[in-house]
Every structure is written in structure tokens, then in C-alpha cells.
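Written below as C-alpha cells is the structure these notes are about.
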Amino acid sequence: MNINLEINNKLVTANKGETILEVCKRLGINIPTLCHIKETFPTGACRMCVVEHLNSGKLITSCSYPVEEGMKILTHSNRVAESRKVIVELLLSNHPDDCLYCVRNMNCELQSLSADLGVRERRVMGVKNLKNLDHTGASLVRDPAKCILCGRCVDACDRIMGVNAIDFINRGSNAEIAVAFNKGLNTSSCINCGRCIMVCPTGALYEKNHYAQIMEALDNPKKHVVVQYAPSISVTMAEEIGLPAGTDVYGLLNASLRKMGFNTVFDGAFTADLTIMEEGSELIQRLTEGGQLPMFTSCCPAWVKYMEEFAPELLSHLSSAKSPMQMMGAMIKTYWAEKKGLDPRDIYSVGIMPCIAKKFEAQRSEMTRHGLSDVDAVLTTRELVGLLKIYGIDIHSLEPESVDSLMGQRSTAGKIFGAAGGVMEAAVRSAHKLVTGEEMSNLRIEELRGFAPVKRTTVRIGDIDLNIAAVNGLAGVKEIIEEVRSGKSDLHFIEVMACPGGCINGGGQPLTVKEENIRKRMASLYSIDATETIRTSHNNPEIQKIYDEYLGEPLSEKSHHLLHTHYEKRDVLI
């Protein structure tokens with residue numbers, strides 16, 4: 001049903017049920033918001049999106065007000081502009097004046113709104129927020145002094161991720177956002193996904209920075225500093241360096257890392273292939289020899305933490321395979337170190353990852369051997385670009401380079417790990433070969449692609465009808481978990497990615513992401529898959545070589561020792 005209304009003195013047509021904000025966005029009219037997140041129910045709490053409703057003479061919130069027949073709206077009248085300006089001035093009245101030191105300087109919504117609304121003098125004086133930083137989290141820091149109580153992080157943690165680690169506490173002028181009992185993040189159910197950072201408009205939430213230790217290692221001549229990057233990084237970094245969304249900067253990325261001083265550069269998609277070999281073999285073993293089914297993927301550390309927090313009784317359903325990052329870390333300090341004649345203690349291993357949960361994962365006790373961590377430090381995509389600036393590197397002036405040989409070649413199956421559903425698609429390709437001895441006739445599994453919260457399908461592998469699912473964001477995982485708990489699930493294999501869209505939209509990726517950019521990133525990964533020649537993990541020559549020379553075969557004693565782990569219920573989790 002169409003609805004006719006006037007916006008800024010122009011007659012427009014809208015659909016019944018649309019909000020004023022949705023209609024204006026479609027028409028290219030920019031209305032600022034602070035509390036609104038597209039995926040959640042609008043509250044109109046911040047009042048930044050108010051518009052003038054000429055029929056009633058009132059200012060109404062456009063994010064929560066549905067369109068009505070015959071309504072007349074002004075989106076940027078003097079009255080509206082002054083209202084928004086006053087809101088910003090009130091927020092700034094007790095906000096810390098430390099923009100130059102803030103991690104969000106030049107990328108802060110409050111700062112941008114101040115400029116857009118012409119706030120250039122202090123008309124409202126208030127007592128500055130003085131609150132302590134919360135450094136107790138494994139991957140992120142909370143700065144309550146910079147919180148403007150927009151509630152976005154609360155909505156993201158609750159309605160998008162289903163975790164509820166933070167919420168509003170106290171009332172009135174004493175209201176703030178905190179964990180239960182106003183304790184530290186380490187006492188909460190936080191899964192370190194970083195969704196709160198992605199939606200925070202200010203610097204109230206940010207990742208723990210590993211610059212100091214990495215720069216110290218790069219400056220130490222006794223250290224051989226190696227770096228790996230996740231499959232998604234090369235197609236998400238572009239936006240941070242001024243290139244179109246989805247541009248693959250693989251060659252420039254390699255060149256820039258060497259320019260910074262890293263001795264060896266690895267593509268993490270190589271160990272994504274290794275993960276497929278181990279995880280796919282584990283699935284077949286559970287199907288043919290008996291084992292806990294359905295099997296869940298274990299490459300997303302935020303998802304693993306979610307299981308430990310909310311479904312510990314199902315931990316035996318998790319694959320025992322480590323994530324690609326941790327597999328790479330283990331292989332660097334064993335196989336690669338032996339080949340290069342290096343002492344593992346002299347190797348400093350860095351991961352560049354799309355999520356902050358990888359910082360948490362690298363610290364886990366399960367990821368250490370003989371007192372050495374598989375991965376010593378982790379940078380997010382955002383931090384990588386920041387480090388390039390510190391070293392004064394103009395990435396655009398560099399000539400593209402390849403990764404180092406020996407654990408350097410990857411298949412496109414490893415590359416599509418960066419998109420939700422990609423792990424499952426890659427695993428099925430190799431599982432088919434392992435079971436039947438033949439390649440799949442069509443490697444593309446359309447039912448696993450896209451942004452649906454839960455994608456299910458059945459794939460015929462020999463005599464097996466393999467029922468599979470890919471969960472895109474934790475909002476859809478509760479349904480799956482309840483099916484498994486009740487014994488009603490007919491699924492055999494389930495991929496879970498905590499972040500909507502997968503790693504291309506992880507908590508460490510570029511901030512203020514547009515939905516179209518995420519789609520372009522995903523499209524870029526699938527374009528790489530469609531155009532390159534090695535599209536299955538088992539056909540990667542260097543994967544075959546590493547089994548022939550070192551591991552023996554998937555699920556061998558050596559591969560179990562290096563590439564697998566286990567998780568169990570614990571009373572306290574960092």
C-alpha cells in the first residue's frame with residue numbers, strides 16, 4: 001500500500017510501515033542519528049534524528065515514527081537544526097576534551113556532528129566525566145568517560161549477538177553503561193566479538209593495542225619477525241587506504257608488510273586450506289566411525305567463547321581443529337622453523353586479523369606449547385593501517401609483491417573463509433573428494449552464500465546425504481543450539497560465524513561500514529574463487545607437500561599435537 005506525504009515541500013510516495021528515516025535515506029536525504037542501528041528496534045532515545053511535523057507542529061523522531069498519509073515533514077528547518085545542535089552541545093558539556101589523544105579522532109561521529117552542525121563555541125558548561133578505564137577485558141578497553149549513553153553497544157550485544165554482557169545501570173544523571181554489578185569486563189559474559197566497538201559512535205570502546213611489543217620486536221635484530229594475515233584482510237583493507245570497497249590489495253599488502261620490516265610474510269589462507277583438511281577429515285571420521293554430531297566449526301574464537309559461556313554441555317560438538325591463525329602459528333614455530341634453521345624462541349609471530357577475538361584466542365592457554373605462544377601479537381585491519389602511518393609508508397607508491405614461499409600457496413577455498421558460509425563450502429568441496437575420490441561437478445554451493453541468518457542445504461556425497469548449515473551472525477545460533485539440545489536436529493555439520501557477513505564484517509574491520517561495502521567485500525572473495533585455478537584445499541600443492549614431508553596425513557598423531565586442541569567448561573573465563 002502506497003502512502004503519499006510531503007518531505008521538504010516535495011510530494012513523495014512511501015510504503016506502509018516505513019519510518020520517516022527509511023524513506024529519507026532512500027531519497028538521499030541525510031538525517032543524523034546516534035542511537036539507531038538498522039538491525040534493531042528503534043527507540044528514538046537520542047533525539048538526534050528529529051524532524052519537524054508540520055501537521056502537529058511537533059518535533060518527532062524519524063527513526064521510530066512511521067509515515068502517514070498526508071503528513072508534511074521538514075528535515076532540516078531552523079527549528080530542527082537548533083534542536084540537534086543543542087543536543088550535541090549538551091553531550092559535549094561533560095565529554096572529555098582529549099580529541100587529539102582519542103583513538104577515534106577524525107573518525108568520531110560526535111566530532112563529525114559537531115562540525116556538521118556548526119558547534120564552534122562552548123555555550124553549555126558541565127562537569128567533565130571522570131571515570132576509570134576498564135582494562136580487564138582480554139581484547140577490548142572500555143572508557144566510560146567518553147560514553148554518551150546512546151545504547152548502541154547494549155543493543156548490539158543483546159539483539160544482534162545475544163550475549164547481554166553490558167547494559168544500562170543506575171538511573172537519571174547517574175545512569176551509565178556497564179557490566180553486571182559495575183565490575184570489569186573479565187567478570188562478564190563478553191565473547192570479545194567487538195560488535196560493540198563497531199557501533200560505538202565515540203571512543204568509549206576500542207581494541208587493546210599491540211603496537212609497542214610489535215615495534216619492539218621489529219627493532220630487535222635478534223628476532224625473526226613473521227606476519228600472517230587472514231583471508232579477508234586483502235579485500236577489506238582497501239577502504240582504509242582510500243580505494244573502492246572490495247578492491248583486492250593482496251600485492252600491495254605484502255609489499256607494505258615487508259617495507260615495515262617483517263622478515264617473512266604468510267598468507268593465512270594457506271592454513272585455511274590446512275584447516276579444511278583436518279576439519280573435513282574429522283567430520284568424515286565422526287560420520288563413519290561414530291562421534292558427536294552435528295559437528296560445529298571452531299575457527300571463530302568469539303563463537304567458541306559463546307559456546308563456553310552459553311552452551312558448555314555441547315562443547316564436545318565443536319571440531320577439535322584449531323583456527324587457521326593458530327595453525328599457522330604452530331606450523332611457523334615447528335615445521336617452518338626447522339626448515340629455516342631457526343630457534344622458535346627467536347621467532348616473533350604476528351597475526352593481522354579481522355576481529356578482536358583473535359587477540360583473546362592468541363592468549364588462551366590451549367594455544368601455547370613448551371611455554372611459547374603460537375601467535376605472539378595480533379593487529380586488527382584498523383591497527384595495521386595505523387601502523388603503516390607510524391612507519392610513514394605510502395602503500396600506493398609500492399610495487400605489488402607475493403608472499404614468501406614454503407607455506408605460501410593457497411587455494412581459493414581457503415580465501416572464501418572470509419565470507420559467512422565460505423568455511424562450509426570449502427569443507428564440502430574437500431569432503432566430497434575424501435569420501436568419493438572424485439571432485440564435485442559444481443564447486444559453487446549457492447545455498448551457502450549470502451546474508452541470511454541461517455542457511456541450510458543438503459549435499460550428496462557418495463552414499464551420504466550431508467545435511468549442513470551456515471549461521472551468519474549469532475542472532476541465528478540459538479535456534480540451532482536448541483535443536484541440538486533437544487535432539488531434534490538432523491544436521492551433520494554446522495558453520496558458525498559470530499559476525500554478520502563473516503570475517504569481512506569482523507569487529508576489527510574498518511569502522512562506520514556501509515552495507516553495500518560488506519556486499520562488495522563478499523563479492524570480491526567469490527570473484528577470486530571463480531577466476532583462479534586451484535579452488536580446493538586438497539589440490540593445493542604446498543598442502544600436499546606439508547603432509548608428505550611433515551604431518552603424514554590428516555588426523556595423524558603429529559597433526560593432532562600441532563593442529564588440534566580441546567575446550568572444556570571452566571568456572572572463570574577471561
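Every chain in the C-alpha cells takes a letter, A first, then B, and so on in the order presented; its residues are numbered from 1, and the ligands are numbered from 1 following the presented order.
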Legend entry - Which of range 101-349 of chain A fall in strand (DSSP E or B), as a ChimeraX atom specification: /A:134,140-142,167-169,176-178,205-207,224-229,264-267,295-296,318,321,347-349
Let's have the selection written as a PDB file, in the first residue's frame, with N, CA and C atoms.
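As written to disk, again-v5.pdb reads:
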```pdb
ATOM      1  N   ASP A 134      38.455   0.627  31.905  1.00  0.00           N
ATOM      2  CA  ASP A 134      38.343  -0.793  32.227  1.00  0.00           C
ATOM      3  C   ASP A 134      39.265  -1.563  31.280  1.00  0.00           C
ATOM      4  N   LEU A 140      39.460  -5.887  24.524  1.00  0.00           N
ATOM      5  CA  LEU A 140      38.991  -4.516  24.359  1.00  0.00           C
ATOM      6  C   LEU A 140      39.031  -3.722  25.653  1.00  0.00           C
ATOM      7  N   VAL A 141      38.989  -2.410  25.480  1.00  0.00           N
ATOM      8  CA  VAL A 141      39.056  -1.470  26.596  1.00  0.00           C
ATOM      9  C   VAL A 141      37.783  -0.647  26.603  1.00  0.00           C
ATOM     10  N   ARG A 142      37.248  -0.407  27.807  1.00  0.00           N
ATOM     11  CA  ARG A 142      36.098   0.466  27.974  1.00  0.00           C
ATOM     12  C   ARG A 142      36.546   1.781  28.594  1.00  0.00           C
ATOM     13  N   ASP A 167      24.907  -3.460  29.890  1.00  0.00           N
ATOM     14  CA  ASP A 167      23.557  -2.887  29.918  1.00  0.00           C
ATOM     15  C   ASP A 167      23.592  -1.583  30.695  1.00  0.00           C
ATOM     16  N   PHE A 168      22.472  -0.873  30.696  1.00  0.00           N
ATOM     17  CA  PHE A 168      22.344   0.347  31.498  1.00  0.00           C
ATOM     18  C   PHE A 168      22.238  -0.025  32.968  1.00  0.00           C
ATOM     19  N   ILE A 169      22.918   0.741  33.798  1.00  0.00           N
ATOM     20  CA  ILE A 169      22.776   0.582  35.245  1.00  0.00           C
ATOM     21  C   ILE A 169      22.505   1.961  35.853  1.00  0.00           C
ATOM     22  N   GLU A 176      24.650   4.869  33.603  1.00  0.00           N
ATOM     23  CA  GLU A 176      25.821   4.567  32.790  1.00  0.00           C
ATOM     24  C   GLU A 176      25.681   3.167  32.206  1.00  0.00           C
ATOM     25  N   ILE A 177      26.562   2.831  31.291  1.00  0.00           N
ATOM     26  CA  ILE A 177      26.564   1.503  30.689  1.00  0.00           C
ATOM     27  C   ILE A 177      27.736   0.735  31.270  1.00  0.00           C
ATOM     28  N   ALA A 178      27.452  -0.451  31.761  1.00  0.00           N
ATOM     29  CA  ALA A 178      28.493  -1.241  32.419  1.00  0.00           C
ATOM     30  C   ALA A 178      28.102  -2.713  32.404  1.00  0.00           C
ATOM     31  N   LEU A 205      34.746   2.613  23.444  1.00  0.00           N
ATOM     32  CA  LEU A 205      35.133   1.208  23.322  1.00  0.00           C
ATOM     33  C   LEU A 205      36.170   1.090  22.214  1.00  0.00           C
ATOM     34  N   TYR A 206      37.242   0.393  22.482  1.00  0.00           N
ATOM     35  CA  TYR A 206      38.264   0.197  21.453  1.00  0.00           C
ATOM     36  C   TYR A 206      39.103  -1.038  21.790  1.00  0.00           C
ATOM     37  N   GLU A 207      39.812  -1.564  20.771  1.00  0.00           N
ATOM     38  CA  GLU A 207      40.598  -2.782  20.965  1.00  0.00           C
ATOM     39  C   GLU A 207      41.884  -2.497  21.721  1.00  0.00           C
ATOM     40  N   HIS A 224      63.430 -12.836  14.569  1.00  0.00           N
ATOM     41  CA  HIS A 224      62.941 -13.011  13.203  1.00  0.00           C
ATOM     42  C   HIS A 224      61.429 -12.803  13.278  1.00  0.00           C
ATOM     43  N   VAL A 225      60.971 -11.671  12.775  1.00  0.00           N
ATOM     44  CA  VAL A 225      59.569 -11.279  12.938  1.00  0.00           C
ATOM     45  C   VAL A 225      58.784 -11.704  11.697  1.00  0.00           C
ATOM     46  N   VAL A 226      57.803 -12.555  11.916  1.00  0.00           N
ATOM     47  CA  VAL A 226      56.980 -13.052  10.816  1.00  0.00           C
ATOM     48  C   VAL A 226      55.556 -12.525  10.980  1.00  0.00           C
ATOM     49  N   VAL A 227      54.826 -12.441   9.878  1.00  0.00           N
ATOM     50  CA  VAL A 227      53.461 -11.935   9.935  1.00  0.00           C
ATOM     51  C   VAL A 227      52.576 -12.771   9.020  1.00  0.00           C
ATOM     52  N   GLN A 228      51.389 -13.034   9.457  1.00  0.00           N
ATOM     53  CA  GLN A 228      50.366 -13.694   8.646  1.00  0.00           C
ATOM     54  C   GLN A 228      49.132 -12.798   8.637  1.00  0.00           C
ATOM     55  N   TYR A 229      48.359 -12.900   7.568  1.00  0.00           N
ATOM     56  CA  TYR A 229      47.113 -12.137   7.543  1.00  0.00           C
ATOM     57  C   TYR A 229      45.969 -13.037   7.116  1.00  0.00           C
ATOM     58  N   THR A 264      59.360 -12.178   7.174  1.00  0.00           N
ATOM     59  CA  THR A 264      58.656 -13.158   6.343  1.00  0.00           C
ATOM     60  C   THR A 264      57.164 -12.876   6.388  1.00  0.00           C
ATOM     61  N   VAL A 265      56.512 -12.994   5.236  1.00  0.00           N
ATOM     62  CA  VAL A 265      55.084 -12.698   5.118  1.00  0.00           C
ATOM     63  C   VAL A 265      54.338 -13.957   4.681  1.00  0.00           C
ATOM     64  N   PHE A 266      53.309 -14.326   5.443  1.00  0.00           N
ATOM     65  CA  PHE A 266      52.489 -15.503   5.153  1.00  0.00           C
ATOM     66  C   PHE A 266      51.051 -15.087   4.855  1.00  0.00           C
ATOM     67  N   ASP A 267      50.432 -15.798   3.919  1.00  0.00           N
ATOM     68  CA  ASP A 267      49.001 -15.639   3.640  1.00  0.00           C
ATOM     69  C   ASP A 267      48.247 -16.673   4.471  1.00  0.00           C
ATOM     70  N   MET A 295      28.606 -31.676  14.070  1.00  0.00           N
ATOM     71  CA  MET A 295      29.883 -31.057  14.400  1.00  0.00           C
ATOM     72  C   MET A 295      29.827 -29.575  14.039  1.00  0.00           C
ATOM     73  N   PHE A 296      30.245 -28.749  14.988  1.00  0.00           N
ATOM     74  CA  PHE A 296      30.330 -27.306  14.762  1.00  0.00           C
ATOM     75  C   PHE A 296      31.742 -26.923  14.355  1.00  0.00           C
ATOM     76  N   LEU A 318      32.004 -29.298  19.147  1.00  0.00           N
ATOM     77  CA  LEU A 318      32.950 -28.445  18.432  1.00  0.00           C
ATOM     78  C   LEU A 318      34.025 -29.291  17.761  1.00  0.00           C
ATOM     79  N   ALA A 321      39.737 -28.973  15.604  1.00  0.00           N
ATOM     80  CA  ALA A 321      40.721 -28.256  14.780  1.00  0.00           C
ATOM     81  C   ALA A 321      40.907 -26.830  15.284  1.00  0.00           C
ATOM     82  N   ILE A 347      61.701 -16.476  17.139  1.00  0.00           N
ATOM     83  CA  ILE A 347      60.661 -16.079  16.181  1.00  0.00           C
ATOM     84  C   ILE A 347      59.588 -15.283  16.903  1.00  0.00           C
ATOM     85  N   TYR A 348      59.258 -14.136  16.374  1.00  0.00           N
ATOM     86  CA  TYR A 348      58.135 -13.346  16.900  1.00  0.00           C
ATOM     87  C   TYR A 348      57.038 -13.380  15.844  1.00  0.00           C
ATOM     88  N   SER A 349      55.896 -13.945  16.206  1.00  0.00           N
ATOM     89  CA  SER A 349      54.821 -14.227  15.246  1.00  0.00           C
ATOM     90  C   SER A 349      53.645 -13.280  15.449  1.00  0.00           C
TER      91      SER A 349
END
```
Closest atom pairs, range 49-73 of chain A residues within 8 Å of range 10-33 of chain A, only C-alpha atoms, as CSV:
```
residue,atom,partner,partner_atom,distance
A:Cys49,CA,A:Thr33,CA,5.2
A:Ser62,CA,A:Ile20,CA,4.9
A:Cys63,CA,A:Leu21,CA,5.0
A:Ser64,CA,A:Thr19,CA,6.2
A:Tyr65,CA,A:Thr19,CA,5.4
A:Pro66,CA,A:Thr19,CA,4.1
A:Val67,CA,A:Thr19,CA,5.6
A:Glu68,CA,A:Lys16,CA,8.0
```
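For the choices A:Gly203, A:Gly418, A:Pro312, A:Gly392, the atom-to-atom distance to Cys503 in chain A is smallest for A:Gly418 when using only C-alpha atoms.
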Inset, instruction - Name the residues in contact with Ala180 in chain A at a cut-off of 8 Å, using only C-alpha atoms, excluding same-chain residues fewer than 6 positions from it; report them as a list of chain:residue names. - result: A:Ala165, A:Ile166, A:Asp167, A:Ser188
Compile a residue-level contact table for range 537-574 of chain A against range 328-341 of chain A at a cut-off of 12 Å, reporting for every qualifying residue the shortest atom pair and its distance in Å to one decimal, with only C-alpha atoms counted, rows ordered by chain and ascending number, as a Markdown table.
```
| residue | atom | partner | partner_atom | distance |
| --- | --- | --- | --- | --- |
| A:Ile543 | CA | A:Met331 | CA | 11.9 |
| A:Lys545 | CA | A:Tyr335 | CA | 11.7 |
| A:Ile546 | CA | A:Tyr335 | CA | 8.5 |
| A:Tyr547 | CA | A:Tyr335 | CA | 10.8 |
| A:Glu549 | CA | A:Tyr335 | CA | 9.4 |
| A:Tyr550 | CA | A:Tyr335 | CA | 7.1 |
| A:Leu551 | CA | A:Tyr335 | CA | 9.1 |
| A:Lys558 | CA | A:Thr334 | CA | 11.0 |
| A:Ser559 | CA | A:Met331 | CA | 10.0 |
| A:His560 | CA | A:Ala330 | CA | 11.5 |
| A:His561 | CA | A:Ala330 | CA | 9.7 |
| A:Leu562 | CA | A:Ala330 | CA | 6.1 |
| A:Leu563 | CA | A:Ala330 | CA | 7.2 |
| A:His564 | CA | A:Ala330 | CA | 10.1 |
| A:Thr565 | CA | A:Ala330 | CA | 11.6 |
```
Store the residues picked out above, limited to N, CA and C atoms, as an mmCIF file, in the first residue's frame.
```cif
data_model
loop_
_atom_site.group_PDB
_atom_site.id
_atom_site.type_symbol
_atom_site.label_atom_id
_atom_site.label_comp_id
_atom_site.auth_asym_id
_atom_site.auth_seq_id
_atom_site.Cartn_x
_atom_site.Cartn_y
_atom_site.Cartn_z
ATOM 1 N N ILE A 543 50.029 -27.771 0.392
ATOM 2 C CA ILE A 543 49.328 -28.544 1.424
ATOM 3 C C ILE A 543 49.714 -30.017 1.283
ATOM 4 N N LYS A 545 52.427 -31.141 0.035
ATOM 5 C CA LYS A 545 53.835 -31.243 0.414
ATOM 6 C C LYS A 545 54.009 -31.293 1.928
ATOM 7 N N ILE A 546 53.252 -30.482 2.647
ATOM 8 C CA ILE A 546 53.435 -30.422 4.097
ATOM 9 C C ILE A 546 52.990 -31.716 4.774
ATOM 10 N N TYR A 547 51.996 -32.397 4.163
ATOM 11 C CA TYR A 547 51.608 -33.710 4.684
ATOM 12 C C TYR A 547 52.655 -34.755 4.324
ATOM 13 N N GLU A 549 55.872 -34.341 3.772
ATOM 14 C CA GLU A 549 57.163 -34.117 4.414
ATOM 15 C C GLU A 549 57.113 -34.095 5.936
ATOM 16 N N TYR A 550 55.950 -33.762 6.498
ATOM 17 C CA TYR A 550 55.966 -33.450 7.934
ATOM 18 C C TYR A 550 54.813 -34.056 8.730
ATOM 19 N N LEU A 551 53.596 -33.860 8.273
ATOM 20 C CA LEU A 551 52.434 -34.258 9.074
ATOM 21 C C LEU A 551 52.000 -35.697 8.858
ATOM 22 N N LYS A 558 50.937 -36.453 14.777
ATOM 23 C CA LYS A 558 51.625 -35.159 14.740
ATOM 24 C C LYS A 558 50.638 -34.026 14.462
ATOM 25 N N SER A 559 49.703 -34.226 13.536
ATOM 26 C CA SER A 559 48.743 -33.160 13.241
ATOM 27 C C SER A 559 47.836 -32.911 14.435
ATOM 28 N N HIS A 560 47.483 -33.972 15.170
ATOM 29 C CA HIS A 560 46.678 -33.766 16.383
ATOM 30 C C HIS A 560 47.448 -32.939 17.404
ATOM 31 N N HIS A 561 48.731 -33.208 17.538
ATOM 32 C CA HIS A 561 49.550 -32.490 18.512
ATOM 33 C C HIS A 561 49.678 -31.013 18.169
ATOM 34 N N LEU A 562 49.830 -30.710 16.862
ATOM 35 C CA LEU A 562 50.091 -29.339 16.447
ATOM 36 C C LEU A 562 48.847 -28.560 16.052
ATOM 37 N N LEU A 563 47.881 -29.224 15.453
ATOM 38 C CA LEU A 563 46.786 -28.518 14.782
ATOM 39 C C LEU A 563 45.433 -28.671 15.463
ATOM 40 N N HIS A 564 45.375 -29.429 16.531
ATOM 41 C CA HIS A 564 44.102 -29.649 17.216
ATOM 42 C C HIS A 564 44.208 -29.249 18.679
ATOM 43 N N THR A 565 43.065 -29.032 19.297
ATOM 44 C CA THR A 565 43.022 -28.660 20.705
ATOM 45 C C THR A 565 41.730 -29.193 21.296
#
```
Inset, instruction - Find, counting only C-alpha atoms, the residue in A:Glu121, A:Asp404, A:Asp343, A:Glu6 that gets nearest to Thr75 in chain A. - result: A:Glu6
Inset, instruction - Excluding Thr271 in chain A and residues on its chain fewer than 3 positions from it, collect all residues at most 8 Å away from it, counting only C-alpha atoms, and give them as number ranges by chain. - result: A: 268, 274-275, 324-325, 327-328, 414
Export of the given selection (N, CA and C atoms) as a PDB file, in the first residue's frame:
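Wrote it out as out.pdb, contents follow:
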```
ATOM      1  N   GLY A 268      47.417 -16.199   5.390  1.00  0.00           N
ATOM      2  CA  GLY A 268      46.679 -17.105   6.276  1.00  0.00           C
ATOM      3  C   GLY A 268      45.716 -18.021   5.557  1.00  0.00           C
ATOM      4  N   LEU A 274      44.668 -25.828   5.301  1.00  0.00           N
ATOM      5  CA  LEU A 274      45.075 -26.862   6.250  1.00  0.00           C
ATOM      6  C   LEU A 274      43.933 -27.178   7.212  1.00  0.00           C
ATOM      7  N   THR A 275      43.218 -26.147   7.632  1.00  0.00           N
ATOM      8  CA  THR A 275      42.053 -26.335   8.497  1.00  0.00           C
ATOM      9  C   THR A 275      41.019 -27.216   7.824  1.00  0.00           C
ATOM     10  N   PRO A 324      42.628 -21.225  11.591  1.00  0.00           N
ATOM     11  CA  PRO A 324      43.758 -21.031  10.670  1.00  0.00           C
ATOM     12  C   PRO A 324      44.889 -20.199  11.262  1.00  0.00           C
ATOM     13  N   MET A 325      44.557 -19.169  12.033  1.00  0.00           N
ATOM     14  CA  MET A 325      45.607 -18.348  12.639  1.00  0.00           C
ATOM     15  C   MET A 325      46.482 -19.169  13.560  1.00  0.00           C
ATOM     16  N   MET A 327      46.782 -22.471  13.641  1.00  0.00           N
ATOM     17  CA  MET A 327      47.517 -23.494  12.885  1.00  0.00           C
ATOM     18  C   MET A 327      48.765 -22.902  12.251  1.00  0.00           C
ATOM     19  N   MET A 328      48.635 -21.719  11.664  1.00  0.00           N
ATOM     20  CA  MET A 328      49.789 -21.054  11.068  1.00  0.00           C
ATOM     21  C   MET A 328      50.842 -20.773  12.126  1.00  0.00           C
ATOM     22  N   GLY A 414      40.451 -21.663   0.559  1.00  0.00           N
ATOM     23  CA  GLY A 414      40.945 -21.001   1.763  1.00  0.00           C
ATOM     24  C   GLY A 414      40.603 -19.529   1.778  1.00  0.00           C
TER      25      GLY A 414
END
```
Inset, instruction - Give the helix (DSSP H, G or I) residues of range 35-85 of chain A, as DSSP finds them on the backbone, and put them as a list in words. - result: Asn78, Arg79, Val80, Ala81, Glu82, Ser83, Arg84 and Lys85 of chain A
With N, CA and C atoms retained, write the just-selected residues as an mmCIF file, in the first residue's frame.
```
data_model
loop_
_atom_site.group_PDB
_atom_site.id
_atom_site.type_symbol
_atom_site.label_atom_id
_atom_site.label_comp_id
_atom_site.auth_asym_id
_atom_site.auth_seq_id
_atom_site.Cartn_x
_atom_site.Cartn_y
_atom_site.Cartn_z
ATOM 1 N N ASN A 78 15.145 25.441 10.512
ATOM 2 C CA ASN A 78 15.938 26.109 11.553
ATOM 3 C C ASN A 78 15.652 25.518 12.925
ATOM 4 N N ARG A 79 14.386 25.207 13.160
ATOM 5 C CA ARG A 79 13.989 24.647 14.456
ATOM 6 C C ARG A 79 14.653 23.279 14.675
ATOM 7 N N VAL A 80 14.670 22.463 13.623
ATOM 8 C CA VAL A 80 15.299 21.142 13.705
ATOM 9 C C VAL A 80 16.809 21.282 13.918
ATOM 10 N N ALA A 81 17.431 22.151 13.141
ATOM 11 C CA ALA A 81 18.881 22.334 13.223
ATOM 12 C C ALA A 81 19.300 22.792 14.612
ATOM 13 N N GLU A 82 18.523 23.715 15.194
ATOM 14 C CA GLU A 82 18.854 24.208 16.530
ATOM 15 C C GLU A 82 18.686 23.113 17.573
ATOM 16 N N SER A 83 17.642 22.292 17.418
ATOM 17 C CA SER A 83 17.418 21.188 18.353
ATOM 18 C C SER A 83 18.596 20.221 18.344
ATOM 19 N N ARG A 84 19.036 19.849 17.146
ATOM 20 C CA ARG A 84 20.162 18.915 17.044
ATOM 21 C C ARG A 84 21.432 19.532 17.610
ATOM 22 N N LYS A 85 21.628 20.809 17.350
ATOM 23 C CA LYS A 85 22.827 21.485 17.836
ATOM 24 C C LYS A 85 22.863 21.505 19.358
#
```
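Using only C-alpha atoms, the nearest neighbour of Glu39 in chain A within the list A:Leu555, A:Tyr250, A:Lys259, A:Gly473 is A:Gly473.
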Inset, instruction - Considering only C-alpha atoms, return as a VMD selection string whatever protein or nucleic-acid residues lie within 8 Å of range 484-493 of chain A, sequence-local ones (same chain, fewer than 6 positions apart) excluded. - result: chain A and resid 283 293 to 297 314 466 to 469
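In terms of minimum interatomic distance to Asn164 in chain A, A:Tyr306 ranks closest within A:Lys146, A:Tyr306, A:Leu287, A:Ser556, counting only C-alpha atoms.
CA of Asp98 in chain A to CA of Asn132 in chain A spans 14.9 Å [interatomic distance, one decimal].
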